[in-house]
$ cat entry-v3.cif   # mmCIF, C-alpha atoms and all ligand atoms
data_model
#
loop_
_atom_site.group_PDB
_atom_site.id
_atom_site.type_symbol
_atom_site.label_atom_id
_atom_site.label_comp_id
_atom_site.auth_asym_id
_atom_site.auth_seq_id
_atom_site.Cartn_x
_atom_site.Cartn_y
_atom_site.Cartn_z
ATOM 1 C CA MET A 1 121.839 87.451 65.300
ATOM 2 C CA PRO A 2 120.608 84.530 67.405
ATOM 3 C CA GLU A 3 116.926 83.660 67.139
ATOM 4 C CA ILE A 4 115.106 84.641 70.333
ATOM 5 C CA VAL A 5 112.711 81.952 71.560
ATOM 6 C CA LEU A 6 111.575 83.509 74.836
ATOM 7 C CA GLU A 7 111.686 87.099 75.944
ATOM 8 C CA ILE A 8 110.394 88.478 79.227
ATOM 9 C CA ARG A 9 110.382 92.259 79.421
ATOM 10 C CA ASN A 10 110.078 94.016 82.777
ATOM 11 C CA GLY A 11 108.194 91.084 84.274
ATOM 12 C CA VAL A 12 106.617 91.954 87.597
ATOM 13 C CA LYS A 13 104.466 89.607 89.652
ATOM 14 C CA LYS A 14 102.879 90.898 92.830
ATOM 15 C CA ILE A 15 100.310 89.219 95.020
ATOM 16 C CA ALA A 16 98.100 90.616 97.756
ATOM 17 C CA ASN A 17 99.593 89.967 101.158
ATOM 18 C CA GLY A 18 96.965 91.202 103.584
ATOM 19 C CA VAL A 19 94.674 94.146 102.831
ATOM 20 C CA ASN A 20 97.153 96.908 102.005
ATOM 21 C CA ASP A 21 100.324 95.005 101.421
ATOM 22 C CA LYS A 22 101.656 93.397 98.259
ATOM 23 C CA GLN A 23 104.343 90.746 98.055
ATOM 24 C CA VAL A 24 106.668 90.984 95.067
ATOM 25 C CA LEU A 25 107.366 87.518 93.655
ATOM 26 C CA LEU A 26 109.104 88.692 90.478
ATOM 27 C CA ASN A 27 110.796 92.056 90.491
ATOM 28 C CA ASN A 28 111.250 93.522 87.027
ATOM 29 C CA ILE A 29 112.654 90.427 85.358
ATOM 30 C CA THR A 30 114.178 90.826 81.916
ATOM 31 C CA LEU A 31 115.301 87.646 80.210
ATOM 32 C CA GLN A 32 116.107 86.604 76.646
ATOM 33 C CA VAL A 33 116.448 82.953 75.763
ATOM 34 C CA ASN A 34 118.024 82.134 72.417
ATOM 35 C CA LYS A 35 117.209 79.149 70.240
ATOM 36 C CA GLY A 36 119.242 76.169 71.417
ATOM 37 C CA ASP A 37 119.951 77.624 74.866
ATOM 38 C CA PHE A 38 119.959 75.077 77.695
ATOM 39 C CA ILE A 39 119.777 77.216 80.807
ATOM 40 C CA THR A 40 120.055 75.858 84.331
ATOM 41 C CA VAL A 41 118.117 77.891 86.904
ATOM 42 C CA LEU A 42 119.349 78.035 90.487
ATOM 43 C CA GLY A 43 118.021 79.861 93.540
ATOM 44 C CA GLY A 44 117.163 79.252 97.171
ATOM 45 C CA ASN A 45 113.703 78.273 98.414
ATOM 46 C CA GLY A 46 111.235 81.042 97.641
ATOM 47 C CA ALA A 47 113.563 82.809 95.179
ATOM 48 C CA GLY A 48 110.857 82.823 92.491
ATOM 49 C CA LYS A 49 111.924 79.947 90.229
ATOM 50 C CA SER A 50 108.509 78.244 90.050
ATOM 51 C CA THR A 51 106.800 81.624 89.715
ATOM 52 C CA LEU A 52 109.049 82.330 86.718
ATOM 53 C CA PHE A 53 108.023 79.007 85.128
ATOM 54 C CA ASN A 54 104.365 79.674 85.983
ATOM 55 C CA ILE A 55 104.368 82.995 84.180
ATOM 56 C CA ILE A 56 106.104 81.427 81.156
ATOM 57 C CA ALA A 57 103.659 78.501 81.047
ATOM 58 C CA GLY A 58 100.679 80.763 81.745
ATOM 59 C CA THR A 59 99.629 79.098 85.006
ATOM 60 C CA THR A 60 99.776 82.569 86.483
ATOM 61 C CA LYS A 61 99.768 85.965 84.756
ATOM 62 C CA LEU A 62 102.208 88.855 85.148
ATOM 63 C CA THR A 63 101.071 91.926 87.080
ATOM 64 C CA SER A 64 102.950 94.006 84.505
ATOM 65 C CA GLY A 65 105.422 93.374 81.724
ATOM 66 C CA THR A 66 105.411 91.111 78.675
ATOM 67 C CA VAL A 67 106.141 87.503 77.768
ATOM 68 C CA MET A 68 106.987 86.800 74.131
ATOM 69 C CA ILE A 69 107.521 83.451 72.442
ATOM 70 C CA SER A 70 109.264 83.615 69.069
ATOM 71 C CA GLU A 71 108.313 87.299 68.737
ATOM 72 C CA THR A 72 104.631 86.671 69.513
ATOM 73 C CA ASP A 73 103.230 88.398 72.573
ATOM 74 C CA ILE A 74 101.693 85.631 74.719
ATOM 75 C CA THR A 75 101.273 87.694 77.912
ATOM 76 C CA LEU A 76 97.498 87.289 77.857
ATOM 77 C CA LYS A 77 97.323 83.855 76.259
ATOM 78 C CA LYS A 78 95.822 80.989 78.229
ATOM 79 C CA GLU A 79 97.872 78.095 79.554
ATOM 80 C CA GLU A 80 96.159 75.669 77.103
ATOM 81 C CA GLU A 81 97.145 77.808 74.110
ATOM 82 C CA ARG A 82 100.730 78.101 75.330
ATOM 83 C CA ALA A 83 100.882 74.332 75.875
ATOM 84 C CA LEU A 84 101.123 73.880 72.112
ATOM 85 C CA LEU A 85 104.505 75.654 72.236
ATOM 86 C CA ILE A 86 105.727 75.019 75.762
ATOM 87 C CA SER A 87 106.173 71.624 77.452
ATOM 88 C CA ARG A 88 106.815 71.269 81.153
ATOM 89 C CA VAL A 89 108.038 68.328 83.236
ATOM 90 C CA PHE A 90 107.355 68.558 86.962
ATOM 91 C CA GLN A 91 109.120 67.183 90.011
ATOM 92 C CA ASP A 92 106.206 64.956 90.989
ATOM 93 C CA PRO A 93 106.308 61.718 88.964
ATOM 94 C CA HIS A 94 102.501 61.548 89.240
ATOM 95 C CA MET A 95 101.978 64.752 87.284
ATOM 96 C CA GLY A 96 101.912 64.832 83.522
ATOM 97 C CA THR A 97 100.838 61.226 82.934
ATOM 98 C CA ALA A 98 97.402 59.592 83.110
ATOM 99 C CA PRO A 99 97.880 56.722 85.623
ATOM 100 C CA ASN A 100 95.222 54.369 84.249
ATOM 101 C CA MET A 101 96.417 54.657 80.687
ATOM 102 C CA THR A 102 99.268 52.557 79.369
ATOM 103 C CA VAL A 103 102.659 53.958 78.435
ATOM 104 C CA SER A 104 101.834 53.710 74.712
ATOM 105 C CA GLU A 105 98.447 55.402 75.167
ATOM 106 C CA ASN A 106 100.060 58.261 77.113
ATOM 107 C CA LEU A 107 102.734 58.661 74.443
ATOM 108 C CA LEU A 108 100.176 58.632 71.678
ATOM 109 C CA LEU A 109 98.071 61.262 73.434
ATOM 110 C CA ALA A 110 101.170 63.458 73.707
ATOM 111 C CA LYS A 111 101.927 62.849 70.034
ATOM 112 C CA LEU A 112 98.413 63.910 69.009
ATOM 113 C CA ARG A 113 98.475 67.023 71.210
ATOM 114 C CA GLY A 114 96.943 69.970 69.402
ATOM 115 C CA GLU A 115 95.733 67.820 66.520
ATOM 116 C CA LYS A 116 92.113 67.059 65.690
ATOM 117 C CA ARG A 117 92.671 63.321 65.241
ATOM 118 C CA LYS A 118 91.104 61.107 67.909
ATOM 119 C CA LEU A 119 92.829 58.409 69.910
ATOM 120 C CA ARG A 120 91.558 55.098 68.506
ATOM 121 C CA LYS A 121 92.625 51.554 69.353
ATOM 122 C CA GLN A 122 93.698 51.266 65.714
ATOM 123 C CA ASN A 123 96.036 54.248 66.129
ATOM 124 C CA VAL A 124 97.711 52.674 69.118
ATOM 125 C CA LYS A 125 98.314 49.500 67.104
ATOM 126 C CA GLU A 126 99.686 51.326 64.076
ATOM 127 C CA GLN A 127 101.949 53.544 66.107
ATOM 128 C CA LYS A 128 103.238 50.864 68.481
ATOM 129 C CA LYS A 129 106.331 50.127 66.403
ATOM 130 C CA LEU A 130 107.253 53.815 66.295
ATOM 131 C CA LEU A 131 106.671 54.264 70.022
ATOM 132 C CA LYS A 132 108.800 51.190 70.765
ATOM 133 C CA GLU A 133 111.651 52.627 68.721
ATOM 134 C CA LEU A 134 111.292 55.948 70.504
ATOM 135 C CA CYS A 135 111.506 54.265 73.923
ATOM 136 C CA GLN A 136 114.460 52.121 72.827
ATOM 137 C CA LYS A 137 116.353 55.251 71.843
ATOM 138 C CA ILE A 138 116.380 56.562 75.402
ATOM 139 C CA ASP A 139 117.912 53.272 76.480
ATOM 140 C CA ASN A 140 116.361 52.779 79.915
ATOM 141 C CA GLY A 141 114.118 49.785 79.199
ATOM 142 C CA LEU A 142 110.832 51.736 78.976
ATOM 143 C CA GLU A 143 109.926 49.803 75.798
ATOM 144 C CA LYS A 144 109.223 46.712 77.952
ATOM 145 C CA TYR A 145 106.383 48.564 79.670
ATOM 146 C CA LEU A 146 104.468 49.858 76.656
ATOM 147 C CA GLU A 147 101.321 47.962 77.716
ATOM 148 C CA THR A 148 101.677 48.750 81.421
ATOM 149 C CA PRO A 149 99.433 51.368 83.066
ATOM 150 C CA THR A 150 101.724 54.253 84.010
ATOM 151 C CA GLY A 151 100.476 54.070 87.621
ATOM 152 C CA GLN A 152 102.507 50.858 87.946
ATOM 153 C CA LEU A 153 105.804 52.365 86.775
ATOM 154 C CA SER A 154 108.611 53.355 89.129
ATOM 155 C CA GLY A 155 109.223 57.074 89.726
ATOM 156 C CA GLY A 156 112.270 57.010 87.430
ATOM 157 C CA GLN A 157 110.403 55.265 84.617
ATOM 158 C CA ARG A 158 107.507 57.683 84.948
ATOM 159 C CA GLN A 159 109.803 60.723 84.796
ATOM 160 C CA ALA A 160 111.511 59.285 81.703
ATOM 161 C CA LEU A 161 108.028 58.824 80.206
ATOM 162 C CA SER A 162 107.089 62.422 81.150
ATOM 163 C CA LEU A 163 110.254 63.619 79.406
ATOM 164 C CA LEU A 164 109.412 61.611 76.294
ATOM 165 C CA MET A 165 105.833 62.923 76.331
ATOM 166 C CA ALA A 166 107.066 66.498 76.698
ATOM 167 C CA THR A 167 109.408 66.145 73.728
ATOM 168 C CA ILE A 168 107.603 63.695 71.400
ATOM 169 C CA LYS A 169 106.509 66.780 69.452
ATOM 170 C CA PRO A 170 109.568 68.989 69.862
ATOM 171 C CA PRO A 171 108.314 72.021 71.816
ATOM 172 C CA THR A 172 109.459 75.566 71.100
ATOM 173 C CA LEU A 173 110.486 75.712 74.755
ATOM 174 C CA LEU A 174 111.003 72.906 77.273
ATOM 175 C CA LEU A 175 110.627 73.684 80.991
ATOM 176 C CA LEU A 176 112.139 71.176 83.411
ATOM 177 C CA ASP A 177 110.883 71.963 86.894
ATOM 178 C CA GLU A 178 113.216 70.011 89.216
ATOM 179 C CA HIS A 179 112.290 66.911 87.234
ATOM 180 C CA THR A 180 114.941 64.725 88.912
ATOM 181 C CA ALA A 181 114.423 65.962 92.484
ATOM 182 C CA ALA A 182 112.143 63.144 93.682
ATOM 183 C CA LEU A 183 114.434 60.372 92.416
ATOM 184 C CA ASP A 184 117.241 58.478 94.141
ATOM 185 C CA PRO A 185 120.735 59.714 93.182
ATOM 186 C CA LYS A 186 121.482 56.949 90.648
ATOM 187 C CA THR A 187 118.087 57.190 88.910
ATOM 188 C CA ALA A 188 118.347 60.988 88.945
ATOM 189 C CA ALA A 189 121.805 60.849 87.335
ATOM 190 C CA ASN A 190 120.518 58.443 84.654
ATOM 191 C CA LEU A 191 117.516 60.646 83.886
ATOM 192 C CA MET A 192 119.743 63.713 83.757
ATOM 193 C CA SER A 193 122.021 62.141 81.142
ATOM 194 C CA LEU A 194 118.954 60.995 79.139
ATOM 195 C CA THR A 195 117.670 64.549 79.338
ATOM 196 C CA ALA A 196 120.932 66.075 78.126
ATOM 197 C CA LYS A 197 121.089 63.569 75.264
ATOM 198 C CA LYS A 198 117.516 64.350 74.225
ATOM 199 C CA ILE A 199 118.096 68.130 74.338
ATOM 200 C CA ASP A 200 121.258 67.750 72.304
ATOM 201 C CA THR A 201 119.858 65.348 69.680
ATOM 202 C CA ASP A 202 116.600 67.236 69.158
ATOM 203 C CA GLN A 203 118.331 70.652 69.505
ATOM 204 C CA LEU A 204 115.775 71.791 72.061
ATOM 205 C CA THR A 205 115.650 75.116 73.867
ATOM 206 C CA CYS A 206 115.337 74.451 77.572
ATOM 207 C CA LEU A 207 115.178 76.044 81.015
ATOM 208 C CA MET A 208 115.858 73.633 83.889
ATOM 209 C CA ILE A 209 115.298 74.403 87.573
ATOM 210 C CA THR A 210 117.534 72.358 89.818
ATOM 211 C CA HIS A 211 118.797 72.404 93.383
ATOM 212 C CA ARG A 212 121.692 70.112 92.413
ATOM 213 C CA MET A 213 124.680 72.442 91.979
ATOM 214 C CA GLU A 214 126.678 69.773 90.139
ATOM 215 C CA ASP A 215 123.941 69.428 87.531
ATOM 216 C CA ALA A 216 123.563 73.193 87.201
ATOM 217 C CA LEU A 217 127.256 73.370 86.414
ATOM 218 C CA LYS A 218 127.645 70.231 84.319
ATOM 219 C CA TYR A 219 124.667 70.689 82.021
ATOM 220 C CA GLY A 220 123.628 73.497 79.738
ATOM 221 C CA ASN A 221 125.350 76.467 78.116
ATOM 222 C CA ARG A 222 124.072 79.116 80.521
ATOM 223 C CA LEU A 223 123.183 79.441 84.199
ATOM 224 C CA ILE A 224 120.915 81.942 85.898
ATOM 225 C CA LEU A 225 120.704 82.566 89.605
ATOM 226 C CA LEU A 226 117.484 83.926 91.065
ATOM 227 C CA GLU A 227 117.200 85.665 94.397
ATOM 228 C CA GLU A 228 114.172 87.441 95.823
ATOM 229 C CA GLY A 229 112.446 87.487 92.454
ATOM 230 C CA GLU A 230 115.414 88.973 90.610
ATOM 231 C CA ILE A 231 118.043 87.542 88.298
ATOM 232 C CA LYS A 232 121.210 88.037 90.325
ATOM 233 C CA ALA A 233 123.570 86.336 87.890
ATOM 234 C CA ASP A 234 123.364 85.294 84.243
ATOM 235 C CA ILE A 235 126.419 83.259 83.393
ATOM 236 C CA GLY A 236 127.151 82.583 79.728
ATOM 237 C CA ALA A 237 128.839 79.602 78.100
ATOM 238 C CA GLU A 238 132.469 80.657 78.411
ATOM 239 C CA GLU A 239 132.280 81.840 82.014
ATOM 240 C CA LYS A 240 130.215 78.782 82.935
ATOM 241 C CA SER A 241 132.711 76.352 81.433
ATOM 242 C CA ASN A 242 135.457 77.892 83.594
ATOM 243 C CA LEU A 243 133.327 78.063 86.758
ATOM 244 C CA THR A 244 134.198 75.563 89.504
ATOM 245 C CA LEU A 245 131.721 74.028 91.916
ATOM 246 C CA GLU A 246 133.414 75.909 94.775
ATOM 247 C CA GLU A 247 132.984 79.241 92.971
ATOM 248 C CA LEU A 248 129.356 78.467 92.230
ATOM 249 C CA LEU A 249 128.723 77.514 95.857
ATOM 250 C CA LEU A 250 130.336 80.774 96.969
ATOM 251 C CA LEU A 251 128.178 82.783 94.564
ATOM 252 C CA PHE A 252 125.083 80.964 95.787
ATOM 253 C CA GLU A 253 125.967 81.360 99.467
ATOM 254 C CA LYS A 254 126.712 85.061 98.936
ATOM 255 C CA ASP A 255 123.177 85.492 97.660
ATOM 256 C CA ARG A 256 121.684 83.328 100.388
ATOM 257 C CA THR A 257 123.307 85.332 103.179
ATOM 258 C CA ARG A 258 121.549 88.453 101.897
ATOM 259 C CA LEU A 259 118.148 86.821 102.363
HETATM 260 N N1 LIG A 301 100.061 81.730 94.959
HETATM 261 C C1 LIG A 301 100.856 82.224 95.891
HETATM 262 N N2 LIG A 301 100.372 82.849 96.965
HETATM 263 C C2 LIG A 301 101.169 83.370 97.895
HETATM 264 N N3 LIG A 301 102.504 83.327 97.860
HETATM 265 C C3 LIG A 301 103.062 82.705 96.826
HETATM 266 C C4 LIG A 301 102.285 82.106 95.779
HETATM 267 N N4 LIG A 301 103.122 81.553 94.883
HETATM 268 C C5 LIG A 301 104.369 81.790 95.360
HETATM 269 N N5 LIG A 301 104.329 82.472 96.508
HETATM 270 C C6 LIG A 301 105.491 82.957 97.285
HETATM 271 O O1 LIG A 301 106.366 83.514 96.325
HETATM 272 C C7 LIG A 301 107.715 83.274 96.660
HETATM 273 C C8 LIG A 301 108.388 82.583 95.506
HETATM 274 O O2 LIG A 301 107.887 81.268 95.400
HETATM 275 P P1 LIG A 301 108.389 80.211 94.301
HETATM 276 O O3 LIG A 301 107.562 78.973 94.473
HETATM 277 O O4 LIG A 301 108.395 80.841 92.967
HETATM 278 O O5 LIG A 301 109.888 79.963 94.782
HETATM 279 P P2 LIG A 301 110.924 78.843 94.311
HETATM 280 O O6 LIG A 301 112.178 79.560 93.983
HETATM 281 O O7 LIG A 301 110.337 77.988 93.235
HETATM 282 O O8 LIG A 301 111.125 78.020 95.650
HETATM 283 P P3 LIG A 301 111.371 76.447 95.903
HETATM 284 O O9 LIG A 301 112.806 76.179 95.605
HETATM 285 O O10 LIG A 301 111.081 76.303 97.358
HETATM 286 O O11 LIG A 301 110.426 75.661 95.049
HETATM 287 C C9 LIG A 301 107.674 82.492 97.957
HETATM 288 O O12 LIG A 301 107.849 83.382 99.013
HETATM 289 C C10 LIG A 301 106.301 81.877 97.961
HETATM 290 O O13 LIG A 301 105.849 81.655 99.279
#

$ encode --input "entry-v3.cif" --output "structure tokens"
Amino acid sequence: MPEIVLEIRNGVKKIANGVNDKQVLLNNITLQVNKGDFITVLGGNGAGKSTLFNIIAGTTKLTSGTVMISETDITLKKEEERALLISRVFQDPHMGTAPNMTVSENLLLAKLRGEKRKLRKQNVKEQKKLLKELCQKIDNGLEKYLETPTGQLSGGQRQALSLLMATIKPPTLLLLDEHTAALDPKTAANLMSLTAKKIDTDQLTCLMITHRMEDALKYGNRLILLEEGEIKADIGAEEKSNLTLEELLLLFEKDRTRL
């Protein structure tokens, strides 16, 4: 039996839409994510992808249903508590890093997350060698900027840093929320291959929202398609490996035309 890392049971999210009306953002979602799954998440604008991530991360709570992480019910747990298990990388390169702090300080903060130890100058010095090695491993030159405030990094460098920060302590679940969307095509492709390498080497469990069909197809062992707050398709490894871009586009368009 595979180990289940995330389970959402009958997840419903409704919000008030006027006095008597309610808008359904998630409509009875049931999802099981197994350890080691790398799932790409597709869906048109407004399909509910970010809402799904928000209810997993705890930014917003379910109206009804349950969210479990490794068999623990976290439905009512606060975002801060969940952050010890769940890491998220956002689309905006400005989120997730402290702009006035250097790359090494940001990395060290991420490394000490959830621990009682304080960030001291001495720590930064001691850890610098380790952080340099960590940056070198991702092979995009970030190690040259260890003493640079992150506000001065390019979007691509900052997203690579956000990815490193999110994974420096391997999370139980990694959420990638269109983390390459704000980058130019070449930088996005580089970050995507870094991401895949990291997930593979560290054997991470990951959900990745993307609007890039090619990436949704190329990466991961599973693909889910959201439409109007429901999972319309859940494509496993074998079916996914045989799926062509044309077939995926057709599936996506079929769902879009129903909107
Ligand atoms: N806090 C909120 N208040 C009102 N409506 C909301 C709120 N959050 C989300 N919605 C609505 O819920 C629906 C789903 O939004 P969500 O952001 O989850 O979609 P998405 O699939 O991530 O879309 P996109 O690809 O555009 O980012 C949309 O119709 C959106 O307008």

$ resolve_selection --input "entry-v3.cif" --expression "the PyMOL selection byres (((chain A and resi 248) around 12) and not hetatm)" --output "PyMOL selection string"
chain A and resi 42-43+212-218+223-225+233+235+239-247+249-255

$ atom_distance --input "entry-v3.cif" --atom1 "atom CA of Thr102 of chain A" --atom2 "atom CA of Ile168 of chain A"
16.0 Å

$ residues_around --input "entry-v3.cif" --residues "segment 182-196 of chain A" --least-positions-apart "3" --cutoff "12 Å" --atoms "all atoms listed in the file" --output "ChimeraX atom specification"
/A:38-40,89-94,135-140,154-164,166-167,174-179,199-208,210-212,214-216,218-221

$ atom_distance --input "entry-v3.cif" --atom1 "atom CA of Leu62 of chain A" --atom2 "atom CA of Val5 of chain A"
18.5 Å

$ atom_distance --input "entry-v3.cif" --atom1 "atom CA of Glu147 of chain A" --atom2 "atom CA of Val103 of chain A"
6.2 Å

$ decode --input "entry-v3.cif" --residues "segment 28-124 of chain A" --atoms "C-alpha atoms" --output "PDB file, in the first residue's frame"
ATOM      1  CA  ASN A  28     -16.885  18.068  -3.078  1.00  0.00           C
ATOM      2  CA  ILE A  29     -13.233  17.475  -3.881  1.00  0.00           C
ATOM      3  CA  THR A  30     -11.760  14.107  -2.974  1.00  0.00           C
ATOM      4  CA  LEU A  31      -8.048  13.700  -3.555  1.00  0.00           C
ATOM      5  CA  GLN A  32      -5.343  11.328  -2.331  1.00  0.00           C
ATOM      6  CA  VAL A  33      -1.703  12.147  -2.885  1.00  0.00           C
ATOM      7  CA  ASN A  34       0.790   9.347  -2.342  1.00  0.00           C
ATOM      8  CA  LYS A  35       4.339   9.733  -1.089  1.00  0.00           C
ATOM      9  CA  GLY A  36       6.601  10.570  -4.019  1.00  0.00           C
ATOM     10  CA  ASP A  37       3.762  11.755  -6.268  1.00  0.00           C
ATOM     11  CA  PHE A  38       4.627  14.726  -8.486  1.00  0.00           C
ATOM     12  CA  ILE A  39       1.254  15.937  -9.691  1.00  0.00           C
ATOM     13  CA  THR A  40       0.780  18.675 -12.264  1.00  0.00           C
ATOM     14  CA  VAL A  41      -2.441  20.656 -11.805  1.00  0.00           C
ATOM     15  CA  LEU A  42      -4.143  22.185 -14.829  1.00  0.00           C
ATOM     16  CA  GLY A  43      -7.344  24.197 -15.174  1.00  0.00           C
ATOM     17  CA  GLY A  44      -8.649  27.372 -16.757  1.00  0.00           C
ATOM     18  CA  ASN A  45      -8.783  30.741 -14.994  1.00  0.00           C
ATOM     19  CA  GLY A  46     -11.103  30.529 -12.005  1.00  0.00           C
ATOM     20  CA  ALA A  47     -11.199  26.709 -11.999  1.00  0.00           C
ATOM     21  CA  GLY A  48     -10.232  26.601  -8.312  1.00  0.00           C
ATOM     22  CA  LYS A  49      -6.523  25.730  -8.456  1.00  0.00           C
ATOM     23  CA  SER A  50      -5.341  28.457  -6.056  1.00  0.00           C
ATOM     24  CA  THR A  51      -8.317  27.797  -3.783  1.00  0.00           C
ATOM     25  CA  LEU A  52      -7.243  24.142  -3.635  1.00  0.00           C
ATOM     26  CA  PHE A  53      -3.705  25.193  -2.635  1.00  0.00           C
ATOM     27  CA  ASN A  54      -5.108  27.704  -0.129  1.00  0.00           C
ATOM     28  CA  ILE A  55      -7.136  25.057   1.651  1.00  0.00           C
ATOM     29  CA  ILE A  56      -4.127  22.700   1.716  1.00  0.00           C
ATOM     30  CA  ALA A  57      -1.804  25.417   3.048  1.00  0.00           C
ATOM     31  CA  GLY A  58      -4.444  26.707   5.467  1.00  0.00           C
ATOM     32  CA  THR A  59      -4.675  30.222   4.017  1.00  0.00           C
ATOM     33  CA  THR A  60      -8.387  29.572   3.801  1.00  0.00           C
ATOM     34  CA  LYS A  61     -10.517  26.950   5.562  1.00  0.00           C
ATOM     35  CA  LEU A  62     -12.946  24.437   4.060  1.00  0.00           C
ATOM     36  CA  THR A  63     -16.673  25.050   4.495  1.00  0.00           C
ATOM     37  CA  SER A  64     -17.038  21.293   4.987  1.00  0.00           C
ATOM     38  CA  GLY A  65     -14.878  18.232   4.540  1.00  0.00           C
ATOM     39  CA  THR A  66     -11.448  17.235   5.832  1.00  0.00           C
ATOM     40  CA  VAL A  67      -7.790  17.782   4.999  1.00  0.00           C
ATOM     41  CA  MET A  68      -5.341  15.187   6.307  1.00  0.00           C
ATOM     42  CA  ILE A  69      -1.557  15.227   6.141  1.00  0.00           C
ATOM     43  CA  SER A  70       0.113  11.875   6.785  1.00  0.00           C
ATOM     44  CA  GLU A  71      -3.043  10.618   8.531  1.00  0.00           C
ATOM     45  CA  THR A  72      -3.284  13.662  10.817  1.00  0.00           C
ATOM     46  CA  ASP A  73      -6.412  15.767  10.505  1.00  0.00           C
ATOM     47  CA  ILE A  74      -5.204  19.336   9.845  1.00  0.00           C
ATOM     48  CA  THR A  75      -8.576  20.778   8.762  1.00  0.00           C
ATOM     49  CA  LEU A  76      -8.624  23.237  11.655  1.00  0.00           C
ATOM     50  CA  LYS A  77      -4.890  23.808  11.971  1.00  0.00           C
ATOM     51  CA  LYS A  78      -3.507  27.282  11.365  1.00  0.00           C
ATOM     52  CA  GLU A  79      -1.390  28.168   8.354  1.00  0.00           C
ATOM     53  CA  GLU A  80       1.702  28.680  10.591  1.00  0.00           C
ATOM     54  CA  GLU A  81       1.384  25.171  12.037  1.00  0.00           C
ATOM     55  CA  ARG A  82       0.950  23.643   8.588  1.00  0.00           C
ATOM     56  CA  ALA A  83       3.988  25.566   7.323  1.00  0.00           C
ATOM     57  CA  LEU A  84       6.210  23.150   9.233  1.00  0.00           C
ATOM     58  CA  LEU A  85       4.989  20.375   6.907  1.00  0.00           C
ATOM     59  CA  ILE A  86       3.993  22.216   3.753  1.00  0.00           C
ATOM     60  CA  SER A  87       6.189  24.545   1.673  1.00  0.00           C
ATOM     61  CA  ARG A  88       4.799  26.734  -1.068  1.00  0.00           C
ATOM     62  CA  VAL A  89       6.501  28.644  -3.886  1.00  0.00           C
ATOM     63  CA  PHE A  90       4.439  31.405  -5.478  1.00  0.00           C
ATOM     64  CA  GLN A  91       4.377  32.926  -8.940  1.00  0.00           C
ATOM     65  CA  ASP A  92       5.517  36.335  -7.722  1.00  0.00           C
ATOM     66  CA  PRO A  93       9.317  36.370  -7.330  1.00  0.00           C
ATOM     67  CA  HIS A  94       8.903  38.962  -4.554  1.00  0.00           C
ATOM     68  CA  MET A  95       6.990  36.590  -2.299  1.00  0.00           C
ATOM     69  CA  GLY A  96       8.714  34.129  -0.033  1.00  0.00           C
ATOM     70  CA  THR A  97      12.014  35.990   0.358  1.00  0.00           C
ATOM     71  CA  ALA A  98      12.963  38.932   2.582  1.00  0.00           C
ATOM     72  CA  PRO A  99      14.313  41.550   0.111  1.00  0.00           C
ATOM     73  CA  ASN A 100      16.719  43.316   2.474  1.00  0.00           C
ATOM     74  CA  MET A 101      18.309  40.121   3.684  1.00  0.00           C
ATOM     75  CA  THR A 102      21.090  38.432   1.764  1.00  0.00           C
ATOM     76  CA  VAL A 103      20.702  35.123  -0.033  1.00  0.00           C
ATOM     77  CA  SER A 104      22.607  33.298   2.731  1.00  0.00           C
ATOM     78  CA  GLU A 105      20.532  34.929   5.484  1.00  0.00           C
ATOM     79  CA  ASN A 106      17.294  33.957   3.714  1.00  0.00           C
ATOM     80  CA  LEU A 107      18.526  30.389   3.272  1.00  0.00           C
ATOM     81  CA  LEU A 108      19.587  30.159   6.879  1.00  0.00           C
ATOM     82  CA  LEU A 109      16.218  31.443   8.076  1.00  0.00           C
ATOM     83  CA  ALA A 110      14.526  28.754   5.977  1.00  0.00           C
ATOM     84  CA  LYS A 111      16.900  26.150   7.396  1.00  0.00           C
ATOM     85  CA  LEU A 112      16.070  27.167  10.974  1.00  0.00           C
ATOM     86  CA  ARG A 113      12.313  27.202  10.324  1.00  0.00           C
ATOM     87  CA  GLY A 114      10.439  25.659  13.224  1.00  0.00           C
ATOM     88  CA  GLU A 115      13.553  25.458  15.380  1.00  0.00           C
ATOM     89  CA  LYS A 116      14.204  27.470  18.528  1.00  0.00           C
ATOM     90  CA  ARG A 117      17.736  28.479  17.533  1.00  0.00           C
ATOM     91  CA  LYS A 118      18.209  32.164  16.713  1.00  0.00           C
ATOM     92  CA  LEU A 119      19.796  33.605  13.604  1.00  0.00           C
ATOM     93  CA  ARG A 120      23.207  34.922  14.690  1.00  0.00           C
ATOM     94  CA  LYS A 121      26.007  36.383  12.584  1.00  0.00           C
ATOM     95  CA  GLN A 122      28.122  33.466  13.807  1.00  0.00           C
ATOM     96  CA  ASN A 123      25.591  30.991  12.393  1.00  0.00           C
ATOM     97  CA  VAL A 124      25.720  32.615   8.992  1.00  0.00           C
TER      98      VAL A 124
END
